[in-house]
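Chemist: Please find data.tsv (TSV, N, CA and C atoms) on the next line:
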chain	number	residue	atom	x	y	z
D	1	GLN	N	0.85	-1.18	0.00
D	1	GLN	CA	0.00	0.00	0.00
D	1	GLN	C	0.89	1.24	0.00
D	2	LEU	N	0.50	2.24	-0.82
D	2	LEU	CA	1.26	3.48	-0.92
D	2	LEU	C	0.42	4.63	-0.42
D	3	GLN	N	1.03	5.50	0.36
D	3	GLN	CA	0.35	6.68	0.91
D	3	GLN	C	1.11	7.91	0.46
D	4	ALA	N	0.47	8.70	-0.41
D	4	ALA	CA	1.10	9.93	-0.89
D	4	ALA	C	0.67	11.11	-0.03
D	5	SER	N	1.59	12.05	0.16
D	5	SER	CA	1.28	13.23	0.96
D	5	SER	C	2.18	14.39	0.52
D	6	GLY	N	1.87	15.57	1.03
D	6	GLY	CA	2.72	16.73	0.79
D	6	GLY	C	2.18	17.75	-0.18
D	7	GLY	N	1.06	17.46	-0.79
D	7	GLY	CA	0.49	18.41	-1.72
D	7	GLY	C	-0.04	19.65	-1.01
D	8	GLY	N	-0.39	20.66	-1.80
D	8	GLY	CA	-0.92	21.87	-1.21
D	8	GLY	C	-1.06	22.97	-2.24
D	9	LEU	N	-1.34	24.16	-1.74
D	9	LEU	CA	-1.50	25.34	-2.59
D	9	LEU	C	-0.30	26.26	-2.38
D	10	VAL	N	0.41	26.55	-3.45
D	10	VAL	CA	1.57	27.43	-3.38
D	10	VAL	C	1.50	28.44	-4.51
D	11	GLN	N	2.35	29.45	-4.40
D	11	GLN	CA	2.44	30.44	-5.47
D	11	GLN	C	3.53	30.04	-6.46
D	12	SER	N	3.43	30.58	-7.64
D	12	SER	CA	4.43	30.32	-8.67
D	12	SER	C	5.82	30.65	-8.15
D	13	GLY	N	6.77	29.76	-8.40
D	13	GLY	CA	8.13	29.95	-7.95
D	13	GLY	C	8.47	29.28	-6.63
D	14	GLU	N	7.45	28.88	-5.90
D	14	GLU	CA	7.68	28.23	-4.61
D	14	GLU	C	7.94	26.73	-4.77
D	15	SER	N	8.15	26.09	-3.64
D	15	SER	CA	8.52	24.67	-3.66
D	15	SER	C	7.56	23.83	-2.82
D	16	LEU	N	7.50	22.56	-3.16
D	16	LEU	CA	6.79	21.56	-2.37
D	16	LEU	C	7.58	20.27	-2.41
D	17	ARG	N	7.40	19.47	-1.38
D	17	ARG	CA	8.03	18.15	-1.34
D	17	ARG	C	6.94	17.11	-1.12
D	18	LEU	N	6.78	16.24	-2.09
D	18	LEU	CA	5.82	15.14	-1.97
D	18	LEU	C	6.53	13.91	-1.43
D	19	SER	N	5.78	13.14	-0.66
D	19	SER	CA	6.32	11.89	-0.13
D	19	SER	C	5.37	10.75	-0.45
D	20	CYS	N	5.93	9.58	-0.60
D	20	CYS	CA	5.15	8.38	-0.85
D	20	CYS	C	5.68	7.31	0.10
D	21	LEU	N	4.87	6.95	1.07
D	21	LEU	CA	5.27	5.99	2.08
D	21	LEU	C	4.64	4.64	1.78
D	22	ALA	N	5.46	3.61	1.77
D	22	ALA	CA	4.97	2.27	1.50
D	22	ALA	C	4.81	1.48	2.79
D	23	SER	N	3.75	0.70	2.85
D	23	SER	CA	3.56	-0.20	3.98
D	23	SER	C	3.23	-1.58	3.45
D	24	GLY	N	3.70	-2.59	4.13
D	24	GLY	CA	3.38	-3.95	3.74
D	24	GLY	C	4.43	-4.61	2.85
D	25	SER	N	5.20	-3.81	2.10
D	25	SER	CA	6.25	-4.37	1.24
D	25	SER	C	7.47	-3.46	1.26
D	26	ALA	N	8.63	-4.06	1.25
D	26	ALA	CA	9.85	-3.25	1.14
D	26	ALA	C	9.99	-2.76	-0.29
D	27	LEU	N	10.41	-1.53	-0.47
D	27	LEU	CA	10.46	-0.92	-1.79
D	27	LEU	C	11.80	-1.07	-2.51
D	28	ASP	N	12.76	-1.72	-1.89
D	28	ASP	CA	14.12	-1.67	-2.42
D	28	ASP	C	14.25	-2.29	-3.81
D	29	LEU	N	13.36	-3.20	-4.21
D	29	LEU	CA	13.44	-3.80	-5.54
D	29	LEU	C	12.38	-3.26	-6.50
D	30	TYR	N	11.77	-2.15	-6.12
D	30	TYR	CA	10.73	-1.56	-6.96
D	30	TYR	C	11.26	-0.35	-7.72
D	31	THR	N	10.75	-0.17	-8.94
D	31	THR	CA	10.90	1.08	-9.67
D	31	THR	C	9.72	1.96	-9.28
D	32	ILE	N	10.04	3.18	-8.90
D	32	ILE	CA	9.01	4.10	-8.42
D	32	ILE	C	8.85	5.24	-9.42
D	33	ARG	N	7.63	5.54	-9.72
D	33	ARG	CA	7.34	6.65	-10.63
D	33	ARG	C	6.33	7.60	-9.98
D	34	TRP	N	6.49	8.85	-10.29
D	34	TRP	CA	5.47	9.85	-9.98
D	34	TRP	C	4.78	10.23	-11.29
D	35	PHE	N	3.46	10.19	-11.25
D	35	PHE	CA	2.64	10.64	-12.37
D	35	PHE	C	1.83	11.85	-11.89
D	36	ARG	N	1.28	12.56	-12.85
D	36	ARG	CA	0.35	13.62	-12.49
D	36	ARG	C	-0.76	13.67	-13.54
D	37	GLN	N	-1.89	14.18	-13.09
D	37	GLN	CA	-3.03	14.33	-13.98
D	37	GLN	C	-3.69	15.66	-13.72
D	38	ALA	N	-3.64	16.53	-14.72
D	38	ALA	CA	-4.27	17.83	-14.63
D	38	ALA	C	-5.72	17.71	-15.08
D	39	PRO	N	-6.59	18.63	-14.68
D	39	PRO	CA	-7.99	18.58	-15.07
D	39	PRO	C	-8.15	18.53	-16.59
D	40	GLY	N	-8.90	17.56	-17.07
D	40	GLY	CA	-9.17	17.45	-18.49
D	40	GLY	C	-8.04	16.86	-19.30
D	41	LYS	N	-6.99	16.39	-18.64
D	41	LYS	CA	-5.83	15.84	-19.36
D	41	LYS	C	-5.56	14.42	-18.91
D	42	GLY	N	-4.76	13.72	-19.71
D	42	GLY	CA	-4.38	12.35	-19.37
D	42	GLY	C	-3.28	12.31	-18.33
D	43	ARG	N	-3.03	11.13	-17.81
D	43	ARG	CA	-1.99	10.97	-16.79
D	43	ARG	C	-0.62	11.06	-17.45
D	44	GLU	N	0.27	11.83	-16.84
D	44	GLU	CA	1.60	12.10	-17.41
D	44	GLU	C	2.68	11.61	-16.46
D	45	GLY	N	3.66	10.91	-16.97
D	45	GLY	CA	4.81	10.52	-16.16
D	45	GLY	C	5.69	11.72	-15.88
D	46	VAL	N	6.09	11.88	-14.63
D	46	VAL	CA	6.86	13.04	-14.22
D	46	VAL	C	8.31	12.67	-13.91
D	47	ALA	N	8.49	11.63	-13.10
D	47	ALA	CA	9.83	11.24	-12.68
D	47	ALA	C	9.83	9.76	-12.33
D	48	CYS	N	11.01	9.18	-12.42
D	48	CYS	CA	11.16	7.75	-12.19
D	48	CYS	C	12.50	7.50	-11.50
D	49	ILE	N	12.50	6.55	-10.57
D	49	ILE	CA	13.77	6.13	-9.96
D	49	ILE	C	13.77	4.61	-9.88
D	50	SER	N	14.80	4.00	-10.41
D	50	SER	CA	14.89	2.55	-10.43
D	50	SER	C	15.44	2.02	-9.10
D	51	PHE	N	15.45	0.68	-8.98
D	51	PHE	CA	15.93	0.08	-7.73
D	51	PHE	C	17.40	0.40	-7.50
D	52	ASP	N	18.14	0.66	-8.61
D	52	ASP	CA	19.57	0.99	-8.49
D	52	ASP	C	19.81	2.49	-8.64
D	53	TYR	N	18.77	3.28	-8.35
D	53	TYR	CA	18.86	4.73	-8.21
D	53	TYR	C	19.03	5.49	-9.52
D	54	HIS	N	18.80	4.83	-10.67
D	54	HIS	CA	18.80	5.56	-11.93
D	54	HIS	C	17.53	6.41	-12.00
D	55	THR	N	17.68	7.67	-12.39
D	55	THR	CA	16.53	8.57	-12.43
D	55	THR	C	16.27	9.08	-13.85
D	56	GLU	N	15.02	9.35	-14.11
D	56	GLU	CA	14.60	9.95	-15.37
D	56	GLU	C	13.50	10.96	-15.07
D	57	TYR	N	13.43	11.99	-15.92
D	57	TYR	CA	12.44	13.05	-15.71
D	57	TYR	C	11.78	13.43	-17.02
D	58	ALA	N	10.55	13.87	-16.93
D	58	ALA	CA	9.89	14.48	-18.08
D	58	ALA	C	10.61	15.79	-18.41
D	59	ASP	N	10.63	16.12	-19.70
D	59	ASP	CA	11.32	17.36	-20.10
D	59	ASP	C	10.74	18.58	-19.38
D	60	SER	N	9.46	18.54	-19.12
D	60	SER	CA	8.79	19.70	-18.52
D	60	SER	C	9.23	19.99	-17.09
D	61	VAL	N	9.88	19.00	-16.43
D	61	VAL	CA	10.26	19.21	-15.02
D	61	VAL	C	11.76	19.08	-14.79
D	62	LYS	N	12.51	18.77	-15.84
D	62	LYS	CA	13.96	18.61	-15.68
D	62	LYS	C	14.58	19.88	-15.13
D	63	GLY	N	15.46	19.71	-14.15
D	63	GLY	CA	16.12	20.85	-13.53
D	63	GLY	C	15.32	21.49	-12.42
D	64	ARG	N	14.05	21.11	-12.27
D	64	ARG	CA	13.21	21.69	-11.22
D	64	ARG	C	12.78	20.64	-10.19
D	65	PHE	N	12.56	19.42	-10.63
D	65	PHE	CA	12.09	18.34	-9.76
D	65	PHE	C	13.22	17.35	-9.53
D	66	THR	N	13.24	16.79	-8.33
D	66	THR	CA	14.21	15.76	-7.98
D	66	THR	C	13.51	14.62	-7.25
D	67	ILE	N	13.67	13.42	-7.79
D	67	ILE	CA	13.10	12.23	-7.15
D	67	ILE	C	14.19	11.54	-6.36
D	68	SER	N	13.85	11.03	-5.20
D	68	SER	CA	14.83	10.34	-4.36
D	68	SER	C	14.13	9.23	-3.60
D	69	ARG	N	14.92	8.32	-3.08
D	69	ARG	CA	14.34	7.21	-2.32
D	69	ARG	C	15.17	6.94	-1.07
D	70	ASP	N	14.48	6.56	-0.01
D	70	ASP	CA	15.11	6.15	1.23
D	70	ASP	C	14.56	4.77	1.57
D	71	ASN	N	15.30	3.76	1.19
D	71	ASN	CA	14.80	2.39	1.37
D	71	ASN	C	14.66	2.02	2.84
D	72	LYS	N	15.48	2.61	3.69
D	72	LYS	CA	15.38	2.30	5.12
D	72	LYS	C	14.05	2.79	5.68
D	73	LYS	N	13.57	3.94	5.16
D	73	LYS	CA	12.30	4.49	5.63
D	73	LYS	C	11.15	4.08	4.72
D	74	ASN	N	11.46	3.31	3.65
D	74	ASN	CA	10.42	2.87	2.71
D	74	ASN	C	9.66	4.06	2.13
D	75	THR	N	10.40	5.10	1.80
D	75	THR	CA	9.79	6.35	1.36
D	75	THR	C	10.44	6.85	0.09
D	76	ILE	N	9.62	7.38	-0.80
D	76	ILE	CA	10.11	8.03	-2.00
D	76	ILE	C	9.64	9.48	-1.95
D	77	SER	N	10.51	10.38	-2.34
D	77	SER	CA	10.18	11.79	-2.29
D	77	SER	C	10.30	12.42	-3.67
D	78	LEU	N	9.54	13.49	-3.86
D	78	LEU	CA	9.64	14.29	-5.07
D	78	LEU	C	9.76	15.74	-4.62
D	79	GLN	N	10.96	16.28	-4.74
D	79	GLN	CA	11.19	17.68	-4.42
D	79	GLN	C	10.88	18.51	-5.65
D	80	MET	N	9.95	19.44	-5.49
D	80	MET	CA	9.50	20.25	-6.63
D	80	MET	C	9.84	21.71	-6.36
D	81	ASN	N	10.74	22.24	-7.13
D	81	ASN	CA	11.15	23.63	-6.99
D	81	ASN	C	10.69	24.46	-8.18
D	82	SER	N	10.71	25.75	-8.01
D	82	SER	CA	10.33	26.67	-9.09
D	82	SER	C	9.02	26.26	-9.74
D	83	LEU	N	8.03	26.02	-8.91
D	83	LEU	CA	6.75	25.52	-9.41
D	83	LEU	C	6.07	26.54	-10.31
D	84	LYS	N	5.36	26.02	-11.30
D	84	LYS	CA	4.65	26.84	-12.28
D	84	LYS	C	3.17	26.49	-12.24
D	85	PRO	N	2.31	27.39	-12.68
D	85	PRO	CA	0.88	27.06	-12.72
D	85	PRO	C	0.58	25.79	-13.51
D	86	GLU	N	1.36	25.52	-14.54
D	86	GLU	CA	1.13	24.31	-15.34
D	86	GLU	C	1.52	23.02	-14.62
D	87	ASP	N	2.12	23.14	-13.44
D	87	ASP	CA	2.39	21.96	-12.62
D	87	ASP	C	1.17	21.55	-11.79
D	88	THR	N	0.13	22.35	-11.83
D	88	THR	CA	-1.08	22.05	-11.09
D	88	THR	C	-1.68	20.74	-11.57
D	89	ALA	N	-1.87	19.81	-10.65
D	89	ALA	CA	-2.38	18.48	-10.99
D	89	ALA	C	-2.53	17.67	-9.72
D	90	VAL	N	-3.15	16.52	-9.87
D	90	VAL	CA	-3.11	15.50	-8.81
D	90	VAL	C	-1.90	14.62	-9.10
D	91	TYR	N	-1.06	14.45	-8.10
D	91	TYR	CA	0.16	13.67	-8.25
D	91	TYR	C	-0.01	12.30	-7.60
D	92	TYR	N	0.42	11.27	-8.32
D	92	TYR	CA	0.29	9.89	-7.87
D	92	TYR	C	1.67	9.22	-7.86
D	93	CYS	N	1.90	8.40	-6.85
D	93	CYS	CA	3.10	7.58	-6.88
D	93	CYS	C	2.71	6.16	-7.28
D	94	ASN	N	3.63	5.50	-7.93
D	94	ASN	CA	3.42	4.15	-8.45
D	94	ASN	C	4.67	3.33	-8.22
D	95	ALA	N	4.49	2.10	-7.76
D	95	ALA	CA	5.62	1.20	-7.52
D	95	ALA	C	5.41	-0.08	-8.30
D	96	VAL	N	6.39	-0.44	-9.10
D	96	VAL	CA	6.35	-1.68	-9.87
D	96	VAL	C	7.62	-2.49	-9.55
D	97	HIS	N	7.43	-3.75	-9.18
D	97	HIS	CA	8.58	-4.59	-8.86
D	97	HIS	C	9.44	-4.80	-10.10
D	98	THR	N	10.74	-4.68	-9.93
D	98	THR	CA	11.66	-4.77	-11.05
D	98	THR	C	11.60	-6.12	-11.75
D	99	PHE	N	11.39	-7.19	-11.00
D	99	PHE	CA	11.44	-8.54	-11.56
D	99	PHE	C	10.07	-9.21	-11.64
D	100	TYR	N	9.12	-8.73	-10.90
D	100	TYR	CA	7.77	-9.29	-10.90
D	100	TYR	C	6.79	-8.14	-11.20
D	101	GLY	N	6.59	-7.89	-12.46
D	101	GLY	CA	5.81	-6.73	-12.88
D	101	GLY	C	4.36	-6.73	-12.44
D	102	ASP	N	3.85	-7.89	-12.07
D	102	ASP	CA	2.47	-7.94	-11.58
D	102	ASP	C	2.33	-7.27	-10.22
D	103	LEU	N	3.44	-7.09	-9.53
D	103	LEU	CA	3.42	-6.38	-8.25
D	103	LEU	C	3.48	-4.89	-8.57
D	104	ASN	N	2.30	-4.27	-8.64
D	104	ASN	CA	2.15	-2.91	-9.18
D	104	ASN	C	1.16	-2.19	-8.27
D	105	TYR	N	1.62	-1.13	-7.62
D	105	TYR	CA	0.80	-0.45	-6.61
D	105	TYR	C	0.73	1.04	-6.90
D	106	TRP	N	-0.44	1.63	-6.58
D	106	TRP	CA	-0.65	3.06	-6.76
D	106	TRP	C	-1.00	3.70	-5.42
D	107	GLY	N	-0.51	4.92	-5.25
D	107	GLY	CA	-0.96	5.72	-4.12
D	107	GLY	C	-2.26	6.41	-4.48
D	108	GLN	N	-2.86	7.08	-3.52
D	108	GLN	CA	-4.19	7.64	-3.69
D	108	GLN	C	-4.20	9.01	-4.35
D	109	GLY	N	-3.06	9.63	-4.54
D	109	GLY	CA	-3.00	10.95	-5.16
D	109	GLY	C	-2.99	12.07	-4.15
D	110	THR	N	-2.25	13.12	-4.48
D	110	THR	CA	-2.21	14.31	-3.65
D	110	THR	C	-2.26	15.54	-4.56
D	111	GLN	N	-3.10	16.50	-4.20
D	111	GLN	CA	-3.35	17.66	-5.05
D	111	GLN	C	-2.25	18.71	-4.88
D	112	VAL	N	-1.72	19.14	-6.01
D	112	VAL	CA	-0.79	20.27	-6.04
D	112	VAL	C	-1.41	21.38	-6.87
D	113	THR	N	-1.54	22.55	-6.28
D	113	THR	CA	-2.11	23.70	-6.97
D	113	THR	C	-1.12	24.86	-6.90
D	114	VAL	N	-0.77	25.38	-8.06
D	114	VAL	CA	0.19	26.48	-8.13
D	114	VAL	C	-0.53	27.69	-8.71
D	115	SER	N	-0.61	28.74	-7.93
D	115	SER	CA	-1.27	29.96	-8.39
D	115	SER	C	-0.25	30.91	-9.00
D	116	SER	N	-0.71	31.69	-9.98
D	116	SER	CA	0.20	32.63	-10.68
D	116	SER	C	0.27	33.98	-9.97
Show me, as structure tokens, the structure contained in the file I just sent.
Modeler:
Amino acid sequence: QLQASGGGLVQSGESLRLSCLASGSALDLYTIRWFRQAPGKGREGVACISFDYHTEYADSVKGRFTISRDNKKNTISLQMNSLKPEDTAVYYCNAVHTFYGDLNYWGQGTQVTVSS
């Protein structure tokens, strides 16, 4: 089970840190992704971190967002800096086991709203 938190209302240029806490399974062999979905739009991949700490980012967030993982705390974080109104969306964390792809879990989503 994944529990996402940290969303909120901020002004353009400010920062937020999202967290995704896992319970019931250790995350060390999972690839973790953050997705977001803005009103009226499809779900978009934002950032990804593999079990061996390789990271990837959508072009729209490169240089502003940083994904990290703390396997001891079973937590994945998304540090979001220099937020823009177009970052407004519901953010979801997703965990997929590296070797057993059927082990696929979603968090409940956390709302991020950036005002101009």
Chemist: So the first atom is atom C of D:Phe51 and the second is atom N of D:Gly109; what is the distance between them in Å, to one decimal place?
Modeler: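 For atom C of D:Phe51 relative to atom N of D:Gly109, the distance reads 22.6 Å.
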Chemist: With only C-alpha atoms as the atoms that count, which of D:Leu2, D:Ala89, D:Asp52, D:Val114 lies nearest to D:Ala26?
Modeler: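 Nearest to D:Ala26: D:Leu2.
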Chemist: Just the residues within 6 Å of D:Tyr105, please, counting only N, CA and C atoms, with nothing from its chain fewer than 5 positions along; format it as a list of chain:residue names.
Modeler: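 Using only N, CA and C atoms, the neighbours found are D:Cys93, D:Asn94, D:Ala95, D:Val96.
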Chemist: Limited to N, CA and C atoms, could you put the picked residues into a file as a CSV table (one decimal), in the frame of the given file?
Modeler:
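Writing done, so here's out_35.csv:
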chain,number,residue,atom,x,y,z
D,93,CYS,N,1.9,8.4,-6.8
D,93,CYS,CA,3.1,7.6,-6.9
D,93,CYS,C,2.7,6.2,-7.3
D,94,ASN,N,3.6,5.5,-7.9
D,94,ASN,CA,3.4,4.2,-8.4
D,94,ASN,C,4.7,3.3,-8.2
D,95,ALA,N,4.5,2.1,-7.8
D,95,ALA,CA,5.6,1.2,-7.5
D,95,ALA,C,5.4,-0.1,-8.3
D,96,VAL,N,6.4,-0.4,-9.1
D,96,VAL,CA,6.4,-1.7,-9.9
D,96,VAL,C,7.6,-2.5,-9.6
Chemist: Work out how far atom N of D:Thr31 is from atom N of D:Gly45, in Å to one decimal.
Modeler: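 Atom N of D:Thr31 lies at a distance of 15.4 Å from atom N of D:Gly45.
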Chemist: Measuring atom to atom with all atoms listed in the file, identify which of D:Ser115, D:Ser60, D:Gln3, D:Ser68 is nearest to D:Pro85.
Modeler: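 Comparing D:Ser115, D:Ser60, D:Gln3, D:Ser68 against D:Pro85, the winner is D:Ser115.
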Chemist: Nearest residue to D:Asp28 out of D:Ile76, D:Leu16, D:Ala4, D:Ile67, using only C-alpha atoms?
Modeler: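 The answer is D:Ile76, which sits nearest to D:Asp28.
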Chemist: So, with all atoms listed in the file as the atoms that count, which of D:Leu103, D:Leu83, D:Ile32, D:Leu78 lies closest to D:Gly13?
Modeler: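 Using all atoms listed in the file, D:Gly13 sits closest to D:Leu83.
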Chemist: Which residue gives the smallest distance to D:Met80 among D:Ser5, D:Phe99, D:Gln108, D:Glu14, with only C-alpha atoms counted?
Modeler: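 Going through D:Ser5, D:Phe99, D:Gln108, D:Glu14 one by one, the smallest distance to D:Met80 is for D:Glu14.
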Chemist: Please report the interatomic distance between atom CA of D:Thr55 and atom CA of D:Trp34 in Å with one decimal.
Modeler: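 If I compute the distance from atom CA of D:Thr55 to atom CA of D:Trp34, I get 11.4 Å.
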Chemist: Let me make sure I understand: among D:Gly107, D:Gly63, D:Gly8, D:Gly101, which one has the smallest atom-to-atom distance to D:Leu21 if we use only C-alpha atoms?
Modeler: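 Among D:Gly107, D:Gly63, D:Gly8, D:Gly101, it is D:Gly107 that comes nearest to D:Leu21.
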Chemist: Excluding D:Arg36 and residues on its chain fewer than 2 positions from it, collect all residues at most 5 Å away from it, counting only N, CA and C atoms, and give them as a VMD selection string.
Modeler: chain D and resid 34 38 43 to 44 90 to 92
Chemist: Taking all atoms of stretch 94-109 of chain D that appear in the file, build a box with edges along x, y and z, extend it by 6 Å on every side, and state its centre and edge lengths in Å to one decimal, as AutoDock Vina command-line options.
Modeler:
--center_x 3.7 --center_y 1.4 --center_z -8.2 --size_x 27.9 --size_y 33.4 --size_z 21.4
Chemist: Based on DSSP run over this structure's backbone, return all residues of chain D in strand (DSSP E), as a PyMOL selection string.
Modeler: chain D and resi 2-5+8-11+16-22+30-37+43-49+55-57+65-70+75-80+89-97+104-106+110-115
Chemist: Render stretch 76-103 of chain D from the structure in the preceding block as a file of N, CA and C atoms, as a PDB file, in the first residue's frame.
Modeler:
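This went into out00.pdb:
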ATOM      1  N   ILE D  76       9.617   7.377  -0.798  1.00  0.00           N
ATOM      2  CA  ILE D  76      10.114   8.034  -2.004  1.00  0.00           C
ATOM      3  C   ILE D  76       9.642   9.479  -1.947  1.00  0.00           C
ATOM      4  N   SER D  77      10.508  10.378  -2.339  1.00  0.00           N
ATOM      5  CA  SER D  77      10.178  11.792  -2.288  1.00  0.00           C
ATOM      6  C   SER D  77      10.302  12.422  -3.670  1.00  0.00           C
ATOM      7  N   LEU D  78       9.542  13.488  -3.861  1.00  0.00           N
ATOM      8  CA  LEU D  78       9.643  14.288  -5.069  1.00  0.00           C
ATOM      9  C   LEU D  78       9.764  15.742  -4.624  1.00  0.00           C
ATOM     10  N   GLN D  79      10.959  16.281  -4.737  1.00  0.00           N
ATOM     11  CA  GLN D  79      11.189  17.678  -4.418  1.00  0.00           C
ATOM     12  C   GLN D  79      10.878  18.506  -5.647  1.00  0.00           C
ATOM     13  N   MET D  80       9.953  19.445  -5.492  1.00  0.00           N
ATOM     14  CA  MET D  80       9.503  20.250  -6.632  1.00  0.00           C
ATOM     15  C   MET D  80       9.838  21.710  -6.360  1.00  0.00           C
ATOM     16  N   ASN D  81      10.739  22.240  -7.127  1.00  0.00           N
ATOM     17  CA  ASN D  81      11.154  23.632  -6.989  1.00  0.00           C
ATOM     18  C   ASN D  81      10.685  24.461  -8.183  1.00  0.00           C
ATOM     19  N   SER D  82      10.708  25.753  -8.014  1.00  0.00           N
ATOM     20  CA  SER D  82      10.328  26.674  -9.093  1.00  0.00           C
ATOM     21  C   SER D  82       9.018  26.260  -9.742  1.00  0.00           C
ATOM     22  N   LEU D  83       8.033  26.015  -8.909  1.00  0.00           N
ATOM     23  CA  LEU D  83       6.749  25.519  -9.414  1.00  0.00           C
ATOM     24  C   LEU D  83       6.070  26.544 -10.312  1.00  0.00           C
ATOM     25  N   LYS D  84       5.359  26.024 -11.301  1.00  0.00           N
ATOM     26  CA  LYS D  84       4.648  26.837 -12.280  1.00  0.00           C
ATOM     27  C   LYS D  84       3.166  26.485 -12.240  1.00  0.00           C
ATOM     28  N   PRO D  85       2.311  27.389 -12.684  1.00  0.00           N
ATOM     29  CA  PRO D  85       0.877  27.057 -12.716  1.00  0.00           C
ATOM     30  C   PRO D  85       0.580  25.786 -13.514  1.00  0.00           C
ATOM     31  N   GLU D  86       1.356  25.516 -14.540  1.00  0.00           N
ATOM     32  CA  GLU D  86       1.129  24.310 -15.341  1.00  0.00           C
ATOM     33  C   GLU D  86       1.519  23.024 -14.620  1.00  0.00           C
ATOM     34  N   ASP D  87       2.117  23.142 -13.443  1.00  0.00           N
ATOM     35  CA  ASP D  87       2.394  21.957 -12.623  1.00  0.00           C
ATOM     36  C   ASP D  87       1.168  21.551 -11.793  1.00  0.00           C
ATOM     37  N   THR D  88       0.128  22.353 -11.828  1.00  0.00           N
ATOM     38  CA  THR D  88      -1.084  22.051 -11.086  1.00  0.00           C
ATOM     39  C   THR D  88      -1.684  20.740 -11.574  1.00  0.00           C
ATOM     40  N   ALA D  89      -1.870  19.811 -10.646  1.00  0.00           N
ATOM     41  CA  ALA D  89      -2.376  18.479 -10.994  1.00  0.00           C
ATOM     42  C   ALA D  89      -2.530  17.667  -9.717  1.00  0.00           C
ATOM     43  N   VAL D  90      -3.153  16.516  -9.867  1.00  0.00           N
ATOM     44  CA  VAL D  90      -3.111  15.501  -8.814  1.00  0.00           C
ATOM     45  C   VAL D  90      -1.901  14.620  -9.104  1.00  0.00           C
ATOM     46  N   TYR D  91      -1.063  14.448  -8.102  1.00  0.00           N
ATOM     47  CA  TYR D  91       0.162  13.671  -8.250  1.00  0.00           C
ATOM     48  C   TYR D  91      -0.006  12.299  -7.603  1.00  0.00           C
ATOM     49  N   TYR D  92       0.415  11.275  -8.325  1.00  0.00           N
ATOM     50  CA  TYR D  92       0.292   9.888  -7.874  1.00  0.00           C
ATOM     51  C   TYR D  92       1.667   9.219  -7.862  1.00  0.00           C
ATOM     52  N   CYS D  93       1.902   8.401  -6.854  1.00  0.00           N
ATOM     53  CA  CYS D  93       3.100   7.576  -6.876  1.00  0.00           C
ATOM     54  C   CYS D  93       2.712   6.156  -7.282  1.00  0.00           C
ATOM     55  N   ASN D  94       3.633   5.499  -7.929  1.00  0.00           N
ATOM     56  CA  ASN D  94       3.418   4.152  -8.447  1.00  0.00           C
ATOM     57  C   ASN D  94       4.666   3.328  -8.219  1.00  0.00           C
ATOM     58  N   ALA D  95       4.489   2.097  -7.763  1.00  0.00           N
ATOM     59  CA  ALA D  95       5.620   1.202  -7.521  1.00  0.00           C
ATOM     60  C   ALA D  95       5.407  -0.084  -8.296  1.00  0.00           C
ATOM     61  N   VAL D  96       6.392  -0.441  -9.102  1.00  0.00           N
ATOM     62  CA  VAL D  96       6.355  -1.684  -9.870  1.00  0.00           C
ATOM     63  C   VAL D  96       7.621  -2.485  -9.552  1.00  0.00           C
ATOM     64  N   HIS D  97       7.428  -3.751  -9.178  1.00  0.00           N
ATOM     65  CA  HIS D  97       8.579  -4.590  -8.861  1.00  0.00           C
ATOM     66  C   HIS D  97       9.441  -4.798 -10.102  1.00  0.00           C
ATOM     67  N   THR D  98      10.736  -4.682  -9.929  1.00  0.00           N
ATOM     68  CA  THR D  98      11.660  -4.772 -11.051  1.00  0.00           C
ATOM     69  C   THR D  98      11.603  -6.120 -11.751  1.00  0.00           C
ATOM     70  N   PHE D  99      11.390  -7.189 -10.997  1.00  0.00           N
ATOM     71  CA  PHE D  99      11.436  -8.539 -11.564  1.00  0.00           C
ATOM     72  C   PHE D  99      10.067  -9.208 -11.636  1.00  0.00           C
ATOM     73  N   TYR D 100       9.125  -8.726 -10.897  1.00  0.00           N
ATOM     74  CA  TYR D 100       7.767  -9.285 -10.900  1.00  0.00           C
ATOM     75  C   TYR D 100       6.794  -8.145 -11.197  1.00  0.00           C
ATOM     76  N   GLY D 101       6.586  -7.889 -12.460  1.00  0.00           N
ATOM     77  CA  GLY D 101       5.808  -6.725 -12.882  1.00  0.00           C
ATOM     78  C   GLY D 101       4.357  -6.731 -12.443  1.00  0.00           C
ATOM     79  N   ASP D 102       3.848  -7.886 -12.071  1.00  0.00           N
ATOM     80  CA  ASP D 102       2.472  -7.944 -11.581  1.00  0.00           C
ATOM     81  C   ASP D 102       2.335  -7.267 -10.224  1.00  0.00           C
ATOM     82  N   LEU D 103       3.443  -7.094  -9.526  1.00  0.00           N
ATOM     83  CA  LEU D 103       3.416  -6.377  -8.248  1.00  0.00           C
ATOM     84  C   LEU D 103       3.478  -4.887  -8.574  1.00  0.00           C
TER      85      LEU D 103
END
